[in-house]
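Worksheet for the structure shown next.
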Amino acid sequence: MSTDMRKTLTIVLFLVIVFTIASLSSCKNEDNYDYPRPSADFYVNDFAGALLPGSRQSFFNEGVRLYEDTKDTDLGGAQFVVTTMLIENQGEIASIDKTELYRQWQIGENDMGLLLLLLFTGNEEELTLVSTQIEIGYRMEAYITAAEAGNLIDDCLYNPEWEGSIDMGLGELYYELISTIYTQAYGYESFNYDMEVYRDFLITAEDSEAQSPMSLIAYVFSSYSPIWTKIIVALIIFLITGVLGGGGFMAIRHKGGGGSSGGYGVKR
Amino acid sequence: MKNKALLITLISIIAVIVILGLFFGISAGVAYNGTITLREDIDASEAEIKIRLQERHDKMGQLISAVEGLQEHAETIYAQITAARAAYAAAVTNEDLIEADALEAAALDALIVTVESNPQITATSAYNTYMYEVSGMENALFVARRDFNEAVLSYNTTAKKFPRVLFIGMFGFERELEYWKTADGSEEIPMINVD
């Protein structure tokens, strides 16, 4: 490669990088509220740090299993996403649009998705659950009604048996909802779970890293960024790794299935 | 020599005409397809609103039946709900539907306030279930109206911009479409108070 060619290539590469960064930084949310990108785990996004590691691992494993079990069916792969967010005060609840969050994350294939959003106030020492919201994907509406979801929140999350434990209440709510998806939508005869086993797992589960929204690079390779940014960044990586002699690159483990919703669900 | 210059001029004029024709043709095609897409978005959003309105209308009927003693103790509210439901049933045009939508939303608000503030009116065990449904429907209606209005905004804005503005009338598309207007307060989504 001649010196002139190298110079030209360097300039082109530099311009492409500058253009990409400038474009990505302009990809801001048009809404008033700045929603986070999902975590790399996708099925559980404990941004408030409200859940025990055992809950996070359980919801993640069940979320993956649900999608894997259903992705080859006519209805498409169901995705059930649990998210906790920390807000300043209760006045902020009204500005959070669960439908917008659902649509941005594109939950569920063929609109077969469910988003369980829990909003907390407080700090690391003491968190208070101030709002529980469920957004139901367009097609999922046929299998889970707002009334069912609302009644399950009342019966499970606020079940006196759990003595105020968010993890236990949320665990029961999660399993009841996922059970409804399996049996009502996909025709499974039953979905069994044991809250005692779940409780034991909460105690014994190993600690895991706190979750945070995806990094910029992870975002670029997820389904949320425009295709041209992927092409440009892939080109840059190809050029760099090509020059340096290759090497592997990260991948997103899980992502949204392209689903949408119409605001149907529960706010409590 | 003179003939050659004339030929070049002629070819240049033809080339300019062809280029302009191509530009016009491509612009017209892009404008037509783009407008069709925008119109389809609006039609889909309108259909969504109508589905949601019908669902709310049905759920309202169930909600009323889950409240005992409403007619005896709050006749005005009962009359308001009946009138709103009748207006919806008789609605033919979008304007009628928008009016019926606002009436039903106002009647629903009044019903909730009446039940919650009047101990003589008792709600059956199914009341909360229907309230969750109605609240879910209201939220879905809110989103459907918003999606519709965003689609109309997108159409109206694009229709006024160059070069689309040149083709809108030519292809017989409307220059401006009406938004789904709501009465004051009808955008409020009922809050569920479950004890």
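The chains in the structure tokens are called A, B, ... from first to last as shown; in each chain the residues are counted from 1, and the ligands are counted from 1 in the order shown.
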Non-local contacts of stretch 113-122 of chain A (7 Å; only C-alpha atoms; under 4 positions in same chain excluded) as a VMD selection string = chain A and resid 48 78 to 89 102 107 to 108 126 to 137 140 259
Give me, as a list in words, the contact residues of chain B against chain A at a cut-off of 6 Å, counting only C-alpha atoms.
-> Thr129, Tyr132, Glu133, Gly136, Asn139, Ala140 and Val143 of chain B
With a distance cut-off of 9 Å and only C-alpha atoms, select the neighbouring residues of B:Ile98, excluding the residue or stretch itself and same-chain residues fewer than 6 positions from it, and output the selection as a PyMOL selection string.
-> chain B and resi 91+180-183
Got a sec to tell me which of stretch 103-256 of chain A DSSP assigns to strand (DSSP E), as a ChimeraX atom specification?
-> /A:113-122,127-137
Mind dumping the selected residues with C-alpha atoms as a CSV table (one decimal), in the first residue's frame?
chain,number,residue,atom,x,y,z
A,113,GLY,CA,-44.8,-9.1,24.3
A,114,LEU,CA,-45.4,-8.1,27.9
A,115,LEU,CA,-43.6,-5.3,29.8
A,116,LEU,CA,-43.8,-5.2,33.5
A,117,LEU,CA,-42.5,-1.8,34.7
A,118,LEU,CA,-41.9,-1.0,38.4
A,119,LEU,CA,-41.2,2.6,39.5
A,120,PHE,CA,-39.4,3.3,42.7
A,121,THR,CA,-38.5,6.3,44.7
A,122,GLY,CA,-35.9,6.7,47.4
A,127,LEU,CA,-36.6,2.1,48.0
A,128,THR,CA,-40.3,2.5,47.8
A,129,LEU,CA,-42.4,1.0,45.1
A,130,VAL,CA,-44.7,3.8,43.9
A,131,SER,CA,-46.2,2.4,40.6
A,132,THR,CA,-46.6,-0.9,38.9
A,133,GLN,CA,-47.5,-0.9,35.2
A,134,ILE,CA,-48.0,-3.6,32.7
A,135,GLU,CA,-48.0,-2.9,28.9
A,136,ILE,CA,-49.5,-5.6,26.8
A,137,GLY,CA,-48.4,-6.1,23.2
Write down as a PyMOL selection string the residues belonging to stretch 4-107 of chain A that are assigned helix (DSSP H, G or I) by DSSP computed on the backbone.
-> chain A and resi 4-25+53-70+90-95+98-105
Using C-alpha atoms, can you write the selected residues to a file as a compact mmCIF listing (two decimals), in the first residue's frame?
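Below you can see out_9.txt, which holds the result:
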# COMPACT_ATOMS: atom_id res chain seq x y z
CA ASP A 4 -0.78 8.30 -0.55
CA MET A 5 -3.28 5.48 -0.33
CA ARG A 6 -2.71 5.11 3.41
CA LYS A 7 -3.20 8.84 3.88
CA THR A 8 -6.43 8.77 1.91
CA LEU A 9 -7.67 5.71 3.82
CA THR A 10 -6.84 7.37 7.15
CA ILE A 11 -8.74 10.52 6.17
CA VAL A 12 -11.76 8.51 4.97
CA LEU A 13 -11.70 6.43 8.18
CA PHE A 14 -11.46 9.56 10.31
CA LEU A 15 -14.38 11.20 8.51
CA VAL A 16 -16.50 8.03 8.82
CA ILE A 17 -15.81 7.85 12.58
CA VAL A 18 -16.62 11.55 13.08
CA PHE A 19 -19.81 11.21 11.02
CA THR A 20 -20.90 8.11 12.93
CA ILE A 21 -20.31 9.64 16.35
CA ALA A 22 -22.09 12.84 15.33
CA SER A 23 -25.03 10.87 13.98
CA LEU A 24 -25.33 8.65 17.03
CA SER A 25 -25.17 11.56 19.42
CA PRO A 53 -29.70 -11.33 42.29
CA GLY A 54 -31.88 -14.44 42.57
CA SER A 55 -34.89 -12.57 41.15
CA ARG A 56 -32.88 -11.14 38.31
CA GLN A 57 -31.43 -14.53 37.40
CA SER A 58 -34.81 -16.26 37.65
CA PHE A 59 -36.58 -13.71 35.45
CA PHE A 60 -33.76 -13.75 32.94
CA ASN A 61 -33.71 -17.54 32.71
CA GLU A 62 -37.49 -17.75 32.41
CA GLY A 63 -37.54 -14.96 29.82
CA VAL A 64 -34.99 -16.75 27.67
CA ARG A 65 -36.84 -20.05 28.08
CA LEU A 66 -40.19 -18.51 27.13
CA TYR A 67 -38.77 -17.02 23.95
CA GLU A 68 -36.94 -20.21 23.01
CA ASP A 69 -40.05 -22.31 23.67
CA THR A 70 -42.30 -20.11 21.55
CA GLN A 90 -44.31 10.40 42.44
CA GLY A 91 -45.03 13.41 40.24
CA GLU A 92 -42.71 11.89 37.67
CA ILE A 93 -44.94 8.82 37.18
CA ALA A 94 -47.26 10.65 34.78
CA SER A 95 -44.37 11.61 32.50
CA LYS A 98 -44.88 2.64 29.22
CA THR A 99 -46.15 2.37 25.64
CA GLU A 100 -43.27 4.46 24.34
CA LEU A 101 -40.78 2.36 26.31
CA TYR A 102 -42.36 -0.84 24.99
CA ARG A 103 -42.22 0.41 21.40
CA GLN A 104 -38.63 1.60 21.69
CA TRP A 105 -37.52 -1.77 22.99
Any idea what's packed within 9 Å of A:Met195, counting only C-alpha atoms, ignoring anything in its chain fewer than 2 positions away? Could you give it as a list in words?
->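 In the requested form, the answer reads Met168, Gly171, Glu172, Tyr193, Val197, Tyr198, Arg199 and Asp200 of chain A.
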Please provide the set of residues having any atom within 9 Å of stretch 50-52 of chain B, restricted to only C-alpha atoms, with same-chain residues fewer than 4 positions apart removed, written as an MDAnalysis selection string.
-> chainID B and resid 45:46 56:57 97 137:138 140:141 144
Non-local contacts of stretch 39-42 of chain B (7 Å; only C-alpha atoms; under 6 positions in same chain excluded) as a list in words | Phe148, Ala151 and Val152 of chain B
If you keep C-alpha atoms, can you produce a file of those selected residues as an mmCIF file, in the first residue's frame?
data_model
loop_
_atom_site.group_PDB
_atom_site.id
_atom_site.type_symbol
_atom_site.label_atom_id
_atom_site.label_comp_id
_atom_site.auth_asym_id
_atom_site.auth_seq_id
_atom_site.Cartn_x
_atom_site.Cartn_y
_atom_site.Cartn_z
ATOM 1 C CA PHE B 148 -53.812 9.208 14.784
ATOM 2 C CA ALA B 151 -50.066 10.579 11.617
ATOM 3 C CA VAL B 152 -52.279 13.531 10.612
#
